[in-house]
Structures are given as C-alpha cells and as structure tokens.
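Scroll down for the structure; my scribbles are underneath it.
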Protein chains: 2
Amino acid sequence: MSDASQDTERHKHKMANRKAVQDAEVAEKTIEKGLLIVNTGKGKGKSTAAFGLLLRGLGRGLRIGVVQFGKGAWDTGEKTAIEAFGDQVVWHTLGEGFTWETQDRERDVAAAERAWGKAQELMADPSIRMLILDELNISLRYGHLDIEEVVADLKARRGDLHIVVTGRNAKPELIEAADLVTEMTPVKHHFDAGVKAQKGIEF
Amino acid sequence: MSDASQDTERHKHKMANRKAVQDAEVAEKTIEKGLLIVNTGKGKGKSTAAFGLLLRGLGRGLRIGVVQFGKGAWDTGEKTAIEAFGDQVVWHTLGEGFTWETQDRERDVAAAERAWGKAQELMADPSIRMLILDELNISLRYGHLDIEEVVADLKARRGDLHIVVTGRNAKPELIEAADLVTEMTPVKHHFDAGVKAQKGIEF
C-alpha cells in the first residue's frame, strides 16, 4: 500500500469513528419542546442572531411575534424585509429608545410595561410559535420590569412556543430558566477603528 | 425638593451625561467601508447572526450572495424563506457536508475549491453588496483551502462589499484581516439536556 493510500485509509477510519460517535449522540436526544433561548454578552450578533432564527422559522412556516423593548422608532432593515412575509410576522416596537435617549425613568418603565403586556398577549396566542423579545434584558437590568414575574411567565410558556430573549447583562434568574444561552463576546470591533454605523450592517 | 424629584433629577443628569459621551463617540466615527466580519467560537448563532444580517441587508435593498462551504444538501428554513426575495439573493450550497459525513478528503478539498471559486465570482460581481461565506472557517481549519490565498482575496474586496465569514476556529490570519470579530460562547445548551434538533431552530 502506498503512503498516500494509507493516509486516505487512516483518514476514512478516523472520520467513520467520529461519525459513529456523532450519530450515537444525536440518537440520545429525543425531547421536543419550546425553547427559551437567551443571547447575551457585550459583542455583536445578539439581536441579529434572533432575526436569523426568525428567517429560519419563517422558512419553516412558523408564525412569529417580535416585541422590541429598546429600539424606539428606529427604522431597521429587518423590519422592512419582513414585510415580504405579511401576516406571518407580528411586529411591535414599544420601547421608547434607550434610557439615555429619553432621560426619563417613568416613561421608560411605562414603555417596558406596555411592551411586556404585548409579549404576554402574544404568548397567549396559539398561532404564534416563536416570540422574539428584543432587548428585554435591558428593561430587566434597569429594573423597569420585575424579574420574578417575567421569569414565571416565560417558564409557563406553551410547549410549542420558542422564545428568544436578547440584550447584554442577562439576569442570573433568566439564565437559570433558559434552555440555550449564548454569550457574544467582542474580539475586535470596527467602531474602534473609526468606522461608522452603516446601512445593512448596524441598522 | 422631594426625595422622588431629586432622584428623577439625578437620573436625568446621569443619563444626559451618558448621552453626551455617546454622541461624541458617534461623531468621531466617519469612515464607511465594506467590512470583513467574522463570527466564530463554539457557541450557537454564528451562521444564524450572518442570516440576520442578510435579512437586514435585504431590507436595505442590498443584493446578497451566500456560499455554503459545509452544509451539503441540507434543506434549511432560511434557504426556503429567502425565496420570497427572488433574484435579490444568490445562494450556492457547494459543500458536500462535513468531512465526517463524506469521509473522503479529496472530495472535501474539491468541494471547498468549487465553493471558493463561486465566492471569487461573487466578489467580482459589482451587483453583490454583501457576501456570506458560511462555514468557510471549517474549510480553512482542515487545510482544504490555502489561508494566505483566501485572506489575500478577502482583503482585496471592493470598498462597497461587506463579507461575513462563519465557523468555529477562525484562523489568526483571518482575525488579523477582519474589521469585526465576535466569538459566540456556549453558556448552556439544550442538547446537553436531551433536547433534539428542531425545525425552525437548528434547521
């Protein structure tokens, strides 16, 4: 046998083993459930990954709700794009912008409560199969909403409803209740090199 | 002045300061450029955040290319969803699946080279304003493509082209060349609790 064909055989053997391990791992997982997903951390991609899941869910025919706790009246690319899907997405932007824009705590609390009311409504609607609570972590962090009440409602979600929560500084109580938690960590950021926010990237 | 109104005043003052700092930071950033973005790490959300950017870019009217290096013939939700945008997305799935599925290194190398050729074609097409190279990091990690050639081409991209590269284990040469690098770190994963891959979430 030549060296090259020995290498090929070794590679095949190694990869066959790896595939067997992977297949066995997949076979062990049998539970289906509505997941509570949290994207947190200081890096980019928390909301963006939530909207990637929205796109995936749309392709699977799921009806999806979005409640934005922080974005105010921003006109974002993703909001325009989902118009192509008509009634398959229910979108509510109820935040008044971040608190350092409004500089009025009472108004922030009222906005968070309105947004949370809308979230509860969508959680109760059986046609909704995925719900994105964008920047909810910010409202929780500033104490605009009660963490215990919010977590209790999230835990009581229907078995066929996936919920995605975004925002930095996720509370420990939320992480404890979640099925999937990912931390987005910045390694390098173009803002540090003087690059501005651009259409299609930041908004 | 009551305690409550003193608190309100203090809050307004603090938030006004924070806004002033933020406004000054935004004003300093003046450069517009096509970004090289890398989503890496062992956590979820690398490809998903790339597809969130795709959705945002679509809403901004950008024409977008996607080349998948790793997914084989998987029928994914995001691929179905973008059919709503017709010719605004050019989608190529050229990977033959992960190497432990094919167990044939020569075939993997040939598939990676075909995918890279398609990426070069899209980079040369001035109508394309965003290009997603999904799981390119895997092909680079296994040495299916030459890192120096790939990085040289990526650096030579047009000034109005954003490129998004995904996959764990991004090479240091790629990180060095990138404008924005985010590491997705798993904090908690539902597979560890026996939950299976579900439609609309994993595929």
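By order of appearance in the structure tokens: chains A, B, ..., then residues from 1 within every chain, and ligands from 1 in the order shown.
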
Check your understanding: B:Lys44: which residues within 8 Å, counting only C-alpha atoms, same-chain residues fewer than 4 positions away excluded, as a PyMOL selection string?
Key -> (chain A and resi 182) or (chain B and resi 48+184-186)

Let me see the file: selected residues, C-alpha atoms, as a short mmCIF file (atom, residue, chain, number, x, y, z; two decimals), in the first residue's frame.
```
data_model
loop_
_atom_site.label_atom_id
_atom_site.label_comp_id
_atom_site.auth_asym_id
_atom_site.auth_seq_id
_atom_site.Cartn_x
_atom_site.Cartn_y
_atom_site.Cartn_z
CA THR A 182 -25.03 32.06 24.25
CA THR B 48 -27.70 32.50 12.40
CA MET B 184 -20.03 33.04 20.29
CA THR B 185 -19.51 31.17 23.58
CA PRO B 186 -21.90 28.49 24.82
#
```

Check your understanding: Got a sec to pull out which chain A residues are within 7 Å of chain B, counting only C-alpha atoms, and send them as a PyMOL selection string?
Key -> chain A and resi 12+15-16+18-19+28-32+43-45+48-49+51-53+55-60+77-78+80-81+84+100-101+103-104+179-191+194-196+199-201

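Across A:Leu174, A:Gln120, A:Val164, A:Ala111, the tightest approach to A:Arg141 is made by A:Leu174 when counting only C-alpha atoms.
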
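The residue that comes closest to A:Glu135, out of A:Asp23, A:Ala115, A:Asp153, A:Arg107 and on the basis of only C-alpha atoms, is A:Ala115.
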
Review point. Stretch 1-163 of chain B: which residues are alpha helix (DSSP H) by DSSP, as number ranges by chain?
Key: B: 3-28, 46-59, 77-81, 99-102, 105-123, 136-141, 147-155
